[in-house]
file target_26.csv (CSV, C-alpha atoms)
chain,number,residue,atom,x,y,z
A,1,MET,CA,51.1,86.7,62.7
A,2,LEU,CA,50.3,88.2,66.1
A,3,TRP,CA,47.9,85.4,66.9
A,4,ASN,CA,50.5,82.8,66.0
A,5,ALA,CA,53.0,84.5,68.3
A,6,PHE,CA,50.4,84.5,71.1
A,7,LEU,CA,49.8,80.7,70.6
A,8,LEU,CA,53.6,80.0,70.6
A,9,ALA,CA,53.9,82.0,73.8
A,10,LEU,CA,51.2,80.0,75.5
A,11,ARG,CA,52.9,76.8,74.4
A,12,GLU,CA,56.2,77.8,75.9
A,13,ILE,CA,54.5,78.9,79.2
A,14,ARG,CA,52.7,75.6,79.4
A,15,ARG,CA,55.9,73.7,78.7
A,16,ASN,CA,57.6,75.3,81.8
A,17,VAL,CA,54.7,76.0,84.1
A,18,LEU,CA,56.7,76.1,87.4
A,19,ARG,CA,59.4,78.4,85.9
A,20,SER,CA,56.7,80.7,84.4
A,21,PHE,CA,55.0,80.9,87.8
A,22,LEU,CA,58.2,81.8,89.6
A,23,THR,CA,59.0,84.3,86.8
A,24,ILE,CA,55.7,86.2,87.3
A,25,LEU,CA,55.8,86.0,91.1
A,26,GLY,CA,57.4,89.4,91.4
A,27,ILE,CA,54.8,91.0,89.1
A,28,VAL,CA,52.0,89.3,91.1
A,29,ILE,CA,53.3,90.6,94.4
A,30,GLY,CA,54.0,94.0,93.1
A,31,VAL,CA,50.5,94.5,91.5
A,32,ALA,CA,48.8,93.0,94.6
A,33,ALA,CA,50.8,95.2,96.9
A,34,VAL,CA,50.1,98.4,95.0
A,35,ILE,CA,46.4,97.9,94.6
A,36,THR,CA,46.0,96.7,98.3
A,37,MET,CA,47.9,99.7,99.7
A,38,VAL,CA,45.9,102.2,97.6
A,39,THR,CA,42.6,100.5,98.4
A,40,ILE,CA,43.2,100.4,102.2
A,41,GLY,CA,44.6,104.0,102.0
A,42,GLY,CA,41.4,105.1,100.2
A,43,GLY,CA,39.3,103.4,102.8
A,44,ALA,CA,41.2,105.0,105.6
A,45,THR,CA,40.8,108.5,104.0
A,46,ALA,CA,37.1,107.9,103.6
A,47,GLN,CA,36.8,106.8,107.2
A,48,VAL,CA,38.6,109.9,108.4
A,49,THR,CA,36.3,112.1,106.3
A,50,GLN,CA,33.2,110.3,107.6
A,51,GLN,CA,34.3,110.6,111.2
A,52,ILE,CA,35.1,114.3,110.9
A,53,ALA,CA,31.7,114.8,109.4
A,54,SER,CA,30.1,112.9,112.3
A,55,LEU,CA,31.4,115.6,114.6
A,56,GLY,CA,29.2,118.2,113.0
A,57,THR,CA,28.7,120.2,109.8
A,58,ASN,CA,30.7,123.4,109.3
A,59,LEU,CA,31.8,123.1,112.9
A,60,LEU,CA,34.0,125.6,114.8
A,61,ILE,CA,35.3,124.7,118.2
A,62,VAL,CA,36.2,127.5,120.7
A,63,ARG,CA,38.3,126.7,123.8
A,64,PRO,CA,39.9,129.0,126.4
A,65,GLY,CA,43.7,129.1,126.6
A,66,GLN,CA,46.5,129.3,124.1
A,67,HIS,CA,47.6,126.2,122.2
A,68,LEU,CA,51.1,125.2,123.4
A,69,GLY,CA,51.5,122.1,121.3
A,70,MET,CA,51.3,118.3,122.1
A,71,GLY,CA,47.6,118.8,123.1
A,72,GLN,CA,48.4,121.3,125.9
A,73,ARG,CA,46.8,124.7,126.4
A,74,GLY,CA,47.9,127.7,128.5
A,75,ALA,CA,45.6,128.7,131.4
A,76,ALA,CA,42.9,131.3,130.7
A,77,SER,CA,39.6,132.3,132.2
A,78,PRO,CA,36.7,130.2,131.0
A,79,PHE,CA,33.8,131.4,128.9
A,80,ARG,CA,30.5,132.6,130.3
A,81,GLN,CA,26.9,132.3,129.1
A,82,GLU,CA,27.0,135.9,128.0
A,83,ASP,CA,29.8,135.0,125.5
A,84,VAL,CA,27.6,132.3,124.0
A,85,THR,CA,24.7,134.7,123.7
A,86,ALA,CA,26.9,137.4,122.1
A,87,ILE,CA,28.2,135.0,119.5
A,88,ALA,CA,24.6,133.8,118.6
A,89,ARG,CA,23.4,137.4,118.4
A,90,GLU,CA,26.2,139.3,116.7
A,91,ILE,CA,27.6,136.8,114.2
A,92,PRO,CA,25.1,136.4,111.3
A,93,ALA,CA,26.9,133.3,109.8
A,94,VAL,CA,26.2,131.3,112.9
A,95,ALA,CA,23.4,128.6,112.6
A,96,ALA,CA,23.7,127.3,116.2
A,97,VAL,CA,25.9,127.8,119.3
A,98,ALA,CA,26.2,125.0,121.8
A,99,PRO,CA,28.0,125.7,125.1
A,100,SER,CA,29.2,122.8,127.2
A,101,ALA,CA,31.3,121.8,130.2
A,102,SER,CA,32.5,118.4,131.1
A,103,GLN,CA,34.0,116.5,134.0
A,104,SER,CA,35.0,112.9,134.6
A,105,VAL,CA,32.6,111.1,136.9
A,106,THR,CA,31.9,107.5,138.1
A,107,THR,CA,28.4,106.3,137.3
A,108,ILE,CA,26.6,103.6,139.2
A,109,PHE,CA,23.6,101.4,138.5
A,110,GLY,CA,22.9,98.5,140.8
A,111,ASN,CA,26.2,96.5,141.0
A,112,ALA,CA,27.7,98.0,137.9
A,113,ASN,CA,29.9,101.1,137.8
A,114,TRP,CA,31.7,102.9,135.0
A,115,SER,CA,34.0,105.9,134.8
A,116,THR,CA,32.9,108.3,132.0
A,117,SER,CA,32.6,111.9,131.0
A,118,ALA,CA,29.6,114.0,132.2
A,119,ASN,CA,28.8,116.8,129.8
A,120,GLY,CA,26.5,119.7,130.6
A,121,VAL,CA,24.8,120.8,127.4
A,122,ASP,CA,21.5,122.1,126.0
A,123,ASN,CA,19.5,120.9,123.0
A,124,ARG,CA,21.6,122.9,120.5
A,125,TYR,CA,24.4,120.4,121.2
A,126,PHE,CA,22.5,117.7,119.4
A,127,THR,CA,22.2,119.8,116.3
A,128,VAL,CA,25.7,121.1,116.3
A,129,ARG,CA,27.3,117.7,116.8
A,130,ASN,CA,24.9,115.7,114.6
A,131,TRP,CA,23.7,113.5,117.5
A,132,THR,CA,20.5,111.6,117.0
A,133,ILE,CA,18.3,110.1,119.8
A,134,GLU,CA,17.9,106.4,119.3
A,135,GLU,CA,15.4,105.9,122.1
A,136,GLY,CA,13.7,108.4,124.4
A,137,ARG,CA,13.9,112.1,124.0
A,138,MET,CA,16.0,115.2,124.4
A,139,PHE,CA,15.7,117.6,127.3
A,140,SER,CA,12.5,119.7,127.7
A,141,ASP,CA,12.7,123.5,128.1
A,142,GLY,CA,11.5,123.1,131.7
A,143,GLU,CA,14.3,120.7,132.5
A,144,LEU,CA,16.9,123.0,131.0
A,145,ARG,CA,15.6,126.0,132.9
A,146,ALA,CA,15.2,124.3,136.2
A,147,GLY,CA,18.3,122.2,136.0
A,148,GLN,CA,16.5,119.0,136.7
A,149,ALA,CA,18.4,115.7,137.3
A,150,VAL,CA,17.8,114.0,134.0
A,151,CYS,CA,20.4,112.5,131.6
A,152,VAL,CA,20.9,111.0,128.1
A,153,LEU,CA,23.3,108.1,127.8
A,154,GLY,CA,25.9,107.3,125.1
A,155,ALA,CA,25.9,103.7,123.7
A,156,THR,CA,29.1,102.7,125.6
A,157,VAL,CA,27.7,103.8,129.0
A,158,ARG,CA,24.4,102.0,128.3
A,159,LYS,CA,26.2,98.8,127.5
A,160,GLU,CA,28.5,98.9,130.6
A,161,LEU,CA,25.7,99.8,133.0
A,162,PHE,CA,22.6,98.1,131.6
A,163,GLY,CA,23.9,95.4,129.2
A,164,GLY,CA,21.1,94.6,126.8
A,165,GLN,CA,18.1,96.0,128.8
A,166,SER,CA,16.5,99.3,128.2
A,167,PRO,CA,17.6,102.0,130.7
A,168,LEU,CA,14.8,104.5,130.0
A,169,GLY,CA,13.1,105.6,133.2
A,170,SER,CA,15.8,104.1,135.4
A,171,LYS,CA,17.8,106.2,137.9
A,172,ILE,CA,21.6,106.1,138.0
A,173,ARG,CA,24.0,107.7,140.3
A,174,LEU,CA,26.3,110.3,138.6
A,175,GLY,CA,29.0,111.1,141.1
A,176,LYS,CA,26.9,112.4,144.1
A,177,MET,CA,23.8,113.1,142.1
A,178,SER,CA,21.0,110.7,141.2
A,179,CYS,CA,19.5,111.3,137.7
A,180,GLN,CA,16.8,109.7,135.6
A,181,VAL,CA,17.6,108.4,132.1
A,182,ILE,CA,15.3,110.0,129.5
A,183,GLY,CA,17.2,109.2,126.3
A,184,LEU,CA,19.8,107.1,124.5
A,185,LEU,CA,22.2,108.4,121.8
A,186,ALA,CA,22.7,106.6,118.5
A,187,ALA,CA,26.2,105.0,118.4
A,188,LYS,CA,29.0,106.8,116.5
A,189,GLY,CA,32.0,104.7,117.3
A,190,GLN,CA,35.6,105.8,117.7
A,191,SER,CA,36.8,109.2,116.5
A,192,THR,CA,39.7,109.7,114.2
A,193,MET,CA,42.0,110.1,117.2
A,194,GLY,CA,40.8,106.8,118.6
A,195,ARG,CA,38.6,108.2,121.3
A,196,ASP,CA,35.3,106.5,122.0
A,197,GLN,CA,32.6,109.1,121.1
A,198,ASP,CA,29.9,107.0,122.8
A,199,ASP,CA,31.5,107.0,126.2
A,200,LEU,CA,29.6,110.0,127.6
A,201,ILE,CA,26.6,111.2,129.5
A,202,LEU,CA,24.7,114.4,128.7
A,203,VAL,CA,22.9,116.4,131.4
A,204,PRO,CA,21.3,119.9,131.3
A,205,LEU,CA,24.0,122.5,131.4
A,206,ARG,CA,22.4,124.2,134.5
A,207,THR,CA,22.3,120.8,136.3
A,208,PHE,CA,25.9,120.2,135.6
A,209,GLN,CA,26.9,123.7,136.8
A,210,ARG,CA,24.9,123.5,140.0
A,211,ARG,CA,25.2,119.9,141.1
A,212,ILE,CA,28.4,118.5,139.5
A,213,ALA,CA,30.9,121.3,138.8
A,214,GLY,CA,29.6,123.8,141.4
A,215,LYS,CA,30.5,126.8,139.1
A,216,GLN,CA,29.1,128.6,136.1
A,217,ASP,CA,32.1,128.1,133.8
A,218,ILE,CA,31.7,127.0,130.2
A,219,SER,CA,34.8,125.2,129.0
A,220,LEU,CA,33.8,124.6,125.3
A,221,ILE,CA,31.7,126.4,122.7
A,222,GLN,CA,30.8,124.5,119.5
A,223,ILE,CA,29.5,126.6,116.7
A,224,SER,CA,27.7,125.4,113.5
A,225,ILE,CA,28.1,127.8,110.5
A,226,ARG,CA,25.3,128.2,108.0
A,227,ASP,CA,25.6,126.3,104.7
A,228,GLY,CA,27.2,128.3,102.0
A,229,ILE,CA,29.0,130.6,104.4
A,230,ASP,CA,32.8,130.8,104.4
A,231,THR,CA,34.0,129.3,107.7
A,232,ASN,CA,37.2,131.3,107.6
A,233,LYS,CA,35.3,134.6,107.5
A,234,ALA,CA,33.1,133.4,110.4
A,235,GLN,CA,36.1,132.3,112.4
A,236,LYS,CA,37.7,135.7,112.1
A,237,ASP,CA,34.5,137.4,113.1
A,238,ILE,CA,34.3,135.2,116.2
A,239,GLU,CA,37.9,135.9,117.1
A,240,LEU,CA,37.4,139.6,116.8
A,241,LEU,CA,34.2,139.5,119.0
A,242,LEU,CA,35.9,137.4,121.7
A,243,ARG,CA,39.0,139.6,121.8
A,244,GLU,CA,36.7,142.5,122.4
A,245,ARG,CA,34.7,140.8,125.1
A,246,ARG,CA,37.8,139.4,126.8
A,247,HIS,CA,39.5,142.9,126.6
A,248,ILE,CA,42.6,141.7,124.7
A,249,SER,CA,44.6,144.7,123.5
A,250,VAL,CA,46.1,145.1,120.0
A,251,GLY,CA,49.4,143.2,119.8
A,252,GLU,CA,48.5,140.7,122.6
A,253,ASN,CA,48.0,137.1,121.8
A,254,ASP,CA,44.5,135.5,122.1
A,255,ASP,CA,43.8,133.7,125.3
A,256,PHE,CA,41.5,131.3,123.4
A,257,GLN,CA,41.6,129.3,120.2
A,258,VAL,CA,39.1,128.8,117.4
A,259,ARG,CA,39.6,125.6,115.4
A,260,ASP,CA,37.9,124.8,112.1
A,261,MET,CA,37.1,121.1,111.7
A,262,LYS,CA,37.5,121.5,107.9
A,263,GLU,CA,41.1,122.3,108.4
A,264,ILE,CA,41.6,119.3,110.7
A,265,ALA,CA,39.8,117.1,108.1
A,266,GLN,CA,42.0,118.4,105.3
A,267,MET,CA,45.1,117.9,107.3
A,268,LEU,CA,44.2,114.3,108.2
A,269,THR,CA,43.0,113.3,104.8
A,270,GLY,CA,46.1,114.9,103.2
A,271,THR,CA,48.3,112.9,105.6
A,272,THR,CA,46.6,109.6,104.8
A,273,ARG,CA,46.9,110.3,101.0
A,274,ILE,CA,50.6,111.0,101.4
A,275,LEU,CA,51.2,107.8,103.4
A,276,THR,CA,49.1,105.8,100.8
A,277,SER,CA,51.3,107.3,98.0
A,278,LEU,CA,54.5,106.4,99.8
A,279,LEU,CA,53.4,102.8,100.5
A,280,GLY,CA,52.2,102.4,96.9
A,281,ALA,CA,55.6,103.7,95.6
A,282,VAL,CA,57.4,101.2,97.9
A,283,ALA,CA,55.1,98.4,96.7
A,284,ALA,CA,55.8,99.4,93.0
A,285,VAL,CA,59.4,98.5,93.5
A,286,SER,CA,58.3,94.9,93.4
A,287,LEU,CA,57.1,95.4,89.8
A,288,LEU,CA,60.6,96.5,88.9
A,289,VAL,CA,62.1,93.4,90.6
A,290,GLY,CA,59.5,91.3,88.7
A,291,GLY,CA,60.5,92.9,85.4
A,292,ILE,CA,64.2,92.1,86.0
A,293,GLY,CA,63.1,88.5,86.7
A,294,ILE,CA,61.2,88.3,83.4
A,295,MET,CA,64.2,89.7,81.5
A,296,ASN,CA,66.5,87.1,83.2
A,297,ILE,CA,64.2,84.2,82.4
A,298,MET,CA,63.7,85.4,78.8
A,299,LEU,CA,67.5,85.6,78.3
A,300,VAL,CA,67.7,82.0,79.6
A,301,SER,CA,64.9,81.0,77.2
A,302,VAL,CA,66.7,82.6,74.2
A,303,THR,CA,69.9,80.6,75.1
A,304,GLU,CA,67.9,77.3,75.5
A,305,ARG,CA,66.0,77.9,72.2
A,306,THR,CA,69.0,79.1,70.1
A,307,ARG,CA,68.8,76.1,67.7
A,308,GLU,CA,65.0,76.6,67.3
A,309,ILE,CA,65.5,80.3,66.5
A,310,GLY,CA,68.2,79.4,64.0
A,311,ILE,CA,65.9,76.9,62.2
A,312,ARG,CA,63.1,79.6,62.0
A,313,LEU,CA,65.5,82.1,60.6
A,314,ALA,CA,67.0,79.6,58.1
A,315,ILE,CA,63.6,78.7,56.6
A,316,GLY,CA,62.7,82.3,56.0
A,317,ALA,CA,61.4,83.8,59.3
A,318,LEU,CA,62.1,87.6,59.5
A,319,GLU,CA,63.9,89.2,62.3
A,320,ARG,CA,60.8,91.2,63.3
A,321,GLU,CA,58.8,87.9,63.5
A,322,VAL,CA,61.3,86.4,66.0
A,323,LEU,CA,61.4,89.7,67.9
A,324,LEU,CA,57.6,89.7,68.1
A,325,GLN,CA,57.5,86.1,69.2
A,326,PHE,CA,59.7,86.7,72.3
A,327,LEU,CA,58.2,90.1,73.0
A,328,VAL,CA,54.7,88.6,73.0
A,329,GLU,CA,55.8,85.9,75.3
A,330,ALA,CA,57.2,88.4,77.8
A,331,VAL,CA,54.0,90.5,77.7
A,332,VAL,CA,51.8,87.4,78.1
A,333,LEU,CA,53.8,86.4,81.2
A,334,SER,CA,53.7,89.9,82.8
A,335,SER,CA,50.0,90.4,81.9
A,336,PHE,CA,49.1,87.0,83.4
A,337,GLY,CA,51.0,88.1,86.5
A,338,GLY,CA,49.0,91.3,86.5
A,339,VAL,CA,45.7,89.5,86.4
A,340,VAL,CA,46.7,87.1,89.2
A,341,GLY,CA,47.9,90.1,91.2
A,342,ILE,CA,44.6,91.9,90.8
A,343,LEU,CA,42.6,88.9,92.0
A,344,LEU,CA,45.0,88.5,95.0
A,345,ALA,CA,44.7,92.3,95.7
A,346,ILE,CA,40.9,92.2,95.8
A,347,VAL,CA,40.9,89.2,98.2
A,348,SER,CA,43.6,90.7,100.5
A,349,SER,CA,41.9,94.2,100.5
A,350,LEU,CA,38.6,92.7,101.6
A,351,GLY,CA,40.3,90.8,104.4
A,352,LEU,CA,42.4,93.8,105.6
A,353,SER,CA,39.4,96.1,105.4
A,354,ALA,CA,37.5,93.8,107.7
A,355,LEU,CA,40.5,93.4,110.0
A,356,LEU,CA,41.3,97.1,110.2
A,357,ASN,CA,37.6,98.1,110.3
A,358,VAL,CA,37.9,100.6,107.3
A,359,PRO,CA,35.5,100.8,104.3
A,360,PHE,CA,36.3,98.7,101.3
A,361,ILE,CA,36.5,101.2,98.4
A,362,LEU,CA,37.9,99.6,95.3
A,363,ASN,CA,39.4,102.1,92.8
A,364,PRO,CA,38.9,100.8,89.2
A,365,GLY,CA,41.4,103.4,88.0
A,366,ILE,CA,44.3,101.9,90.0
A,367,ILE,CA,43.4,98.4,88.8
A,368,ILE,CA,43.5,99.4,85.2
A,369,LEU,CA,46.7,101.4,85.8
A,370,ALA,CA,48.4,98.4,87.6
A,371,PHE,CA,47.4,96.0,84.8
A,372,PHE,CA,48.8,98.2,82.0
A,373,PHE,CA,51.9,98.9,84.0
A,374,SER,CA,52.5,95.2,84.4
A,375,ALA,CA,52.1,94.8,80.6
A,376,ALA,CA,54.5,97.7,80.1
A,377,VAL,CA,57.0,95.9,82.3
A,378,GLY,CA,56.8,92.9,79.9
A,379,VAL,CA,57.4,95.1,76.9
A,380,ILE,CA,60.3,97.0,78.5
A,381,PHE,CA,62.1,94.1,80.1
A,382,GLY,CA,61.2,91.7,77.3
A,383,PHE,CA,62.6,93.8,74.5
A,384,PHE,CA,66.3,93.2,75.1
A,385,PRO,CA,66.0,89.4,75.1
A,386,ALA,CA,63.7,89.5,72.1
A,387,ARG,CA,66.1,91.7,70.2
A,388,LYS,CA,69.0,89.4,71.1
A,389,ALA,CA,67.0,86.5,69.7
A,390,ALA,CA,66.1,88.3,66.5
A,391,GLN,CA,69.7,89.3,65.8
A,392,LEU,CA,71.1,85.7,66.1
A,393,ASP,CA,73.2,84.5,63.1
A,394,PRO,CA,71.2,81.6,61.6
A,395,ILE,CA,74.4,79.6,60.9
A,396,GLU,CA,75.8,80.1,64.4
A,397,ALA,CA,72.4,79.3,65.9
A,398,LEU,CA,72.2,76.0,64.0
A,399,ARG,CA,75.6,75.0,65.3
A,400,HIS,CA,74.5,75.6,68.9
A,401,GLU,CA,74.0,72.4,70.9
call {"tool": "encode", "arguments": {"input": "target_26.csv", "output": "structure tokens"}}
result
Amino acid sequence: MLWNAFLLALREIRRNVLRSFLTILGIVIGVAAVITMVTIGGGATAQVTQQIASLGTNLLIVRPGQHLGMGQRGAASPFRQEDVTAIAREIPAVAAVAPSASQSVTTIFGNANWSTSANGVDNRYFTVRNWTIEEGRMFSDGELRAGQAVCVLGATVRKELFGGQSPLGSKIRLGKMSCQVIGLLAAKGQSTMGRDQDDLILVPLRTFQRRIAGKQDISLIQISIRDGIDTNKAQKDIELLLRERRHISVGENDDFQVRDMKEIAQMLTGTTRILTSLLGAVAAVSLLVGGIGIMNIMLVSVTERTREIGIRLAIGALEREVLLQFLVEAVVLSSFGGVVGILLAIVSSLGLSALLNVPFILNPGIIILAFFFSAAVGVIFGFFPARKAAQLDPIEALRHE
């Protein structure tokens, strides 16, 4: 009986192909929109997580000054090398401490010039920030101690100054200082906030302090915490140590801030998930609209086929068989719309992922859920027309023209 109802449903759909297509259009758009939004949202979340991880593992960032909101900080005295040494010595959870200072400079090589950020660092910076050397080498101990004029270039600076040629061994002008290129960083791309992570030059910290900044200040301390250690506990220990070293009394606010990158990652991924859910919910409204369209067309179909229904009832068809026939037809329509919507969603998700430069991560769960939801729409919105058809009076139906 179910198979016969299925065959009858296919016959009616083939009989009115254009009308059937227009009927399921709402389902197609709804299913495609939901799957596409969730897929793109999942890719964006994965990209945020990946970009946060590229900044460093178990990373704490310490800056001088109070956070005033909107990216602004109150003035405070910078850190000193002694603060870095104290953190490395007195906080057991610390795996590496990387002090740094930065300043905008104009770099020149031949006829090319480029404005970028010069960063004074030591070799711990490469470990803490998960930087790898693509070509060349890191700084030697002698270069770090003596403050020699050597540098490591980011991928963007290399491209702007040297194009496709290798810069290793070449000398570039960094502000008023001439330095030799000894290494090239592997590209990381843009950060979550849209900043180009490859637009930088690294020089030994002592070189930066003596020949670029002209002072011994350290404007940023980046700290990598050992695996398995609670970063919240390490953060509190660092805050207590720095309050003591900076002579901050009980009750006074910190004149520095310690940020845990895990908290930032959780905040950003949580935001993308909420936005994905909201967009998916908005897209799901199309399924409701599609269901109403199916109910409308099925009611029209019942009216058009009233005489056919009357003949079936007159020759002995049961009410439940007529009910099943129209219900199956509605479910077949909505399910077919779900399949077309899934195919459309996969194609559109691939295109949007490439256009927005986010990973394509297809979630099988949302595909299955969207398909069964589309079938459920057929059951829910097809029941009323099917019930109306099943309850027709055979005599009145046969009189219908």
call {"tool": "residues_around", "arguments": {"input": "target_26.csv", "residues": "Ile182 (chain A)", "least_positions_apart": "6", "cutoff": "10 Å", "atoms": "only C-alpha atoms", "output": "count of residues only"}}
result
14
call {"tool": "residues_around", "arguments": {"input": "target_26.csv", "residues": "Pro204 (chain A)", "least_positions_apart": "3", "cutoff": "10 Å", "atoms": "all atoms listed in the file", "output": "PyMOL selection string"}}
result
chain A and resi 100+119-123+138-141+143-152+207-209
call {"tool": "residues_around", "arguments": {"input": "target_26.csv", "residues": "Val285 (chain A)", "least_positions_apart": "5", "cutoff": "10 Å", "atoms": "only C-alpha atoms", "output": "JSON, numbers by chain"}}
result
{"A": [26, 27, 30, 31, 33, 34, 280, 290, 291]}
call {"tool": "residues_near_point", "arguments": {"input": "target_26.csv", "point": "(45.1, 106.0, 99.2)", "cutoff": "12 Å", "atoms": "all atoms listed in the file", "output": "PyMOL selection string"}}
result
chain A and resi 34-48+269-281+360-363+366
call {"tool": "atom_distance", "arguments": {"input": "target_26.csv", "atom1": "CA of Phe381 (chain A)", "atom2": "CA of Met295 (chain A)"}}
result
5.1 Å
call {"tool": "closest_residue", "arguments": {"input": "target_26.csv", "among": "A:Val379, A:Val282, A:Ala354, A:Ala88", "to": "Val331 (chain A)", "atoms": "all atoms listed in the file"}}
result
A:Val379
call {"tool": "closest_residue", "arguments": {"input": "target_26.csv", "among": "A:Gln190, A:Glu134, A:Arg158, A:Ser334", "to": "Leu22 (chain A)", "atoms": "all atoms listed in the file"}}
result
A:Ser334
call {"tool": "atom_distance", "arguments": {"input": "target_26.csv", "atom1": "CA of Ile87 (chain A)", "atom2": "CA of Ile238 (chain A)"}}
result
6.9 Å
call {"tool": "residues_around", "arguments": {"input": "target_26.csv", "residues": "region 216-227 of chain A", "least_positions_apart": "3", "cutoff": "7 Å", "atoms": "all atoms listed in the file", "output": "MDAnalysis selection string"}}
result
chainID A and resid 57:64 78:80 93:101 128 209 231
call {"tool": "closest_residue", "arguments": {"input": "target_26.csv", "among": "A:Ala376, A:Ala213, A:Val332, A:Ala345", "to": "Ala32 (chain A)", "atoms": "all atoms listed in the file"}}
result
A:Ala345
call {"tool": "residues_around", "arguments": {"input": "target_26.csv", "residues": "Leu161 (chain A)", "least_positions_apart": "3", "cutoff": "9 Å", "atoms": "all atoms listed in the file", "output": "list in words"}}
result
Thr107, Ile108, Phe109, Gly110, Asn111, Ala112, Asn113, Trp114, Thr156, Val157, Arg158 and Pro167 of chain A
call {"tool": "build_atoms", "arguments": {"input": "target_26.csv", "residues": "region 27-38 of chain A", "atoms": "N, CA and C atoms", "output": "JSON list (two decimals), keeping the file's coordinate frame"}}
result
[["chain", "number", "residue", "atom", "x", "y", "z"],
["A", 27, "ILE", "N", 55.84, 90.14, 89.67],
["A", 27, "ILE", "CA", 54.80, 91.00, 89.10],
["A", 27, "ILE", "C", 53.49, 90.79, 89.96],
["A", 28, "VAL", "N", 53.17, 89.55, 90.32],
["A", 28, "VAL", "CA", 52.00, 89.30, 91.10],
["A", 28, "VAL", "C", 52.04, 90.03, 92.45],
["A", 29, "ILE", "N", 53.17, 89.91, 93.13],
["A", 29, "ILE", "CA", 53.30, 90.60, 94.40],
["A", 29, "ILE", "C", 53.27, 92.08, 94.28],
["A", 30, "GLY", "N", 53.94, 92.60, 93.26],
["A", 30, "GLY", "CA", 54.00, 94.00, 93.10],
["A", 30, "GLY", "C", 52.59, 94.62, 92.78],
["A", 31, "VAL", "N", 51.87, 94.01, 91.84],
["A", 31, "VAL", "CA", 50.50, 94.50, 91.50],
["A", 31, "VAL", "C", 49.58, 94.37, 92.70],
["A", 32, "ALA", "N", 49.63, 93.22, 93.38],
["A", 32, "ALA", "CA", 48.80, 93.00, 94.60],
["A", 32, "ALA", "C", 49.08, 94.03, 95.65],
["A", 33, "ALA", "N", 50.37, 94.29, 95.88],
["A", 33, "ALA", "CA", 50.80, 95.20, 96.90],
["A", 33, "ALA", "C", 50.31, 96.65, 96.62],
["A", 34, "VAL", "N", 50.51, 97.08, 95.38],
["A", 34, "VAL", "CA", 50.10, 98.40, 95.00],
["A", 34, "VAL", "C", 48.61, 98.64, 95.15],
["A", 35, "ILE", "N", 47.82, 97.72, 94.58],
["A", 35, "ILE", "CA", 46.40, 97.90, 94.60],
["A", 35, "ILE", "C", 45.87, 97.79, 96.08],
["A", 36, "THR", "N", 46.43, 96.87, 96.87],
["A", 36, "THR", "CA", 46.00, 96.70, 98.30],
["A", 36, "THR", "C", 46.30, 97.98, 99.06],
["A", 37, "MET", "N", 47.51, 98.52, 98.91],
["A", 37, "MET", "CA", 47.90, 99.70, 99.70],
["A", 37, "MET", "C", 46.99, 100.90, 99.29],
["A", 38, "VAL", "N", 46.74, 101.07, 98.00],
["A", 38, "VAL", "CA", 45.90, 102.20, 97.60],
["A", 38, "VAL", "C", 44.46, 102.01, 98.03]]
